[in-house]
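Shown next, in structure tokens, is the structure this report addresses.
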Amino acid sequence: MHGKMYFESEQGTGSTFWVEFDAATDDDVIEPVTLTPGNLKMDLRRLLYIEDNKVNILVMEAIVEQQEMVSIHCVETGEEGLAEALGGGYHLVLTDVHLPDMSGFDVLDGIKNTLPEIPVVAVTASAIA
């Protein structure tokens, strides 16, 4: 699918962007497929949430329960979180920044030093100015 991108920009007026593609051939046409959870070949996604606040845990569990093909496991300390992350086969780790035994950034460093392929997201309810 060869094509080109173009743009025009005029200060104070704005910009226009457009893309031009070569005409499709019969070889480029594929039958449309409707994706549903039943026909997706996707493994269950495992999420680890490291959080010591019970209300935050309940909120995150309620959010994740609405997602198909995602399971959540919650632990309340950085130590538990590191042990779970390093041995549990998780696809994503969410960690609170302020944990009772260590900072979420220490958790992040511990995971990244051993399993750099696992995404780790620091989550906090603290306001930062």
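Identifiers in this document derive from the order of the structure tokens: chains are assigned A, B, ..., residues are numbered from 1 separately in each chain, and ligands are numbered from 1 in order of occurrence.
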Legend entry - Those in chain A with strand (DSSP E) from DSSP, as a ChimeraX atom specification: /A:3-10,14-21,45-50,70-75,92-96,120-123
Inset, instruction - as a ChimeraX atom specification, list the residues of chain A assigned to alpha helix (DSSP H) by DSSP on the backbone atoms of this structure. - result: /A:54-65,78-87,104-114
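Counting only C-alpha atoms, the residue from A:Glu80, A:Glu8, A:Asp52, A:Glu61 that sits nearest to Pro100 (chain A) is A:Asp52.
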Inset, instruction - Can you pull out every residue within 10 Å of Ile57 (chain A), counting only C-alpha atoms, but drop anything in the same chain fewer than 4 positions away, and send it as a list in words? - result: Tyr49, Ile50, Glu51, Asp52, Asn53, Glu61, Ala62, Ile63, His73, Cys74, Val75 and Glu76 of chain A
Those residues with N, CA, C and O atoms, as a PDB file, in the first residue's frame please?
```
ATOM      1  N   TYR A  49      -1.894  -5.235  40.232  1.00  0.00           N
ATOM      2  CA  TYR A  49      -2.098  -3.906  40.809  1.00  0.00           C
ATOM      3  C   TYR A  49      -1.535  -3.903  42.214  1.00  0.00           C
ATOM      4  O   TYR A  49      -1.983  -4.669  43.082  1.00  0.00           O
ATOM      5  N   ILE A  50      -0.546  -3.054  42.454  1.00  0.00           N
ATOM      6  CA  ILE A  50       0.101  -2.954  43.762  1.00  0.00           C
ATOM      7  C   ILE A  50      -0.409  -1.667  44.411  1.00  0.00           C
ATOM      8  O   ILE A  50      -0.072  -0.570  43.982  1.00  0.00           O
ATOM      9  N   GLU A  51      -1.236  -1.834  45.438  1.00  0.00           N
ATOM     10  CA  GLU A  51      -1.928  -0.690  46.041  1.00  0.00           C
ATOM     11  C   GLU A  51      -2.316  -1.035  47.475  1.00  0.00           C
ATOM     12  O   GLU A  51      -2.837  -2.120  47.729  1.00  0.00           O
ATOM     13  N   ASP A  52      -2.068  -0.117  48.398  1.00  0.00           N
ATOM     14  CA  ASP A  52      -2.417  -0.375  49.795  1.00  0.00           C
ATOM     15  C   ASP A  52      -3.741   0.259  50.215  1.00  0.00           C
ATOM     16  O   ASP A  52      -4.242  -0.030  51.288  1.00  0.00           O
ATOM     17  N   ASN A  53      -4.347   1.059  49.382  1.00  0.00           N
ATOM     18  CA  ASN A  53      -5.611   1.716  49.708  1.00  0.00           C
ATOM     19  C   ASN A  53      -6.773   0.856  49.219  1.00  0.00           C
ATOM     20  O   ASN A  53      -6.932   0.631  48.019  1.00  0.00           O
ATOM     21  N   GLU A  61     -10.592  -2.691  40.528  1.00  0.00           N
ATOM     22  CA  GLU A  61     -11.225  -3.975  40.246  1.00  0.00           C
ATOM     23  C   GLU A  61     -12.524  -3.780  39.466  1.00  0.00           C
ATOM     24  O   GLU A  61     -12.812  -4.527  38.525  1.00  0.00           O
ATOM     25  N   ALA A  62     -13.302  -2.769  39.834  1.00  0.00           N
ATOM     26  CA  ALA A  62     -14.566  -2.500  39.130  1.00  0.00           C
ATOM     27  C   ALA A  62     -14.299  -2.094  37.684  1.00  0.00           C
ATOM     28  O   ALA A  62     -15.026  -2.504  36.768  1.00  0.00           O
ATOM     29  N   ILE A  63     -13.262  -1.330  37.453  1.00  0.00           N
ATOM     30  CA  ILE A  63     -12.907  -0.914  36.083  1.00  0.00           C
ATOM     31  C   ILE A  63     -12.468  -2.123  35.263  1.00  0.00           C
ATOM     32  O   ILE A  63     -12.918  -2.337  34.137  1.00  0.00           O
ATOM     33  N   HIS A  73      -4.999  -9.035  39.674  1.00  0.00           N
ATOM     34  CA  HIS A  73      -4.583  -9.571  40.963  1.00  0.00           C
ATOM     35  C   HIS A  73      -4.007  -8.398  41.748  1.00  0.00           C
ATOM     36  O   HIS A  73      -3.181  -7.649  41.225  1.00  0.00           O
ATOM     37  N   CYS A  74      -4.445  -8.225  42.987  1.00  0.00           N
ATOM     38  CA  CYS A  74      -4.028  -7.092  43.804  1.00  0.00           C
ATOM     39  C   CYS A  74      -3.194  -7.545  44.989  1.00  0.00           C
ATOM     40  O   CYS A  74      -3.524  -8.547  45.625  1.00  0.00           O
ATOM     41  N   VAL A  75      -2.134  -6.805  45.266  1.00  0.00           N
ATOM     42  CA  VAL A  75      -1.330  -6.995  46.477  1.00  0.00           C
ATOM     43  C   VAL A  75      -1.131  -5.622  47.110  1.00  0.00           C
ATOM     44  O   VAL A  75      -1.273  -4.600  46.442  1.00  0.00           O
ATOM     45  N   GLU A  76      -0.783  -5.614  48.403  1.00  0.00           N
ATOM     46  CA  GLU A  76      -0.794  -4.353  49.142  1.00  0.00           C
ATOM     47  C   GLU A  76       0.573  -3.792  49.517  1.00  0.00           C
ATOM     48  O   GLU A  76       0.640  -2.705  50.073  1.00  0.00           O
TER      49      GLU A  76
END
```
Legend entry - Polymer residues at most 9 Å from region 90-93 of chain A, only C-alpha atoms, same-chain spacing of 3 or more positions, as a list in words: Arg45, Arg46, Leu47, Leu48, Tyr49, Ile50, Gly81, Glu84, Ala85, Leu86, Gly87, Leu108, Glu117, Ile118, Pro119, Val120, Val121 and Ala122 of chain A
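For the pair CA of Phe17 (chain A) and CA of Met5 (chain A), the interatomic distance is 7.5 Å.
As for CA of Asp101 (chain A) and CA of Gly78 (chain A), they are spaced 6.2 Å apart.
Within 9 Å of Met60 (chain A), once only C-alpha atoms are used and residues closer than 5 positions along the same chain are dropped, the contacting residues are Tyr49, Val55, Glu65 and Ile72 of chain A.
What separates CA of Ser103 (chain A) from CA of Pro116 (chain A) is a distance of 18.4 Å.
Of the residues under consideration (A:Asn56, A:Thr34, A:Thr25, A:Thr16), A:Asn56 shows the shortest atom-to-atom contact distance to Thr124 (chain A) when counting only C-alpha atoms.
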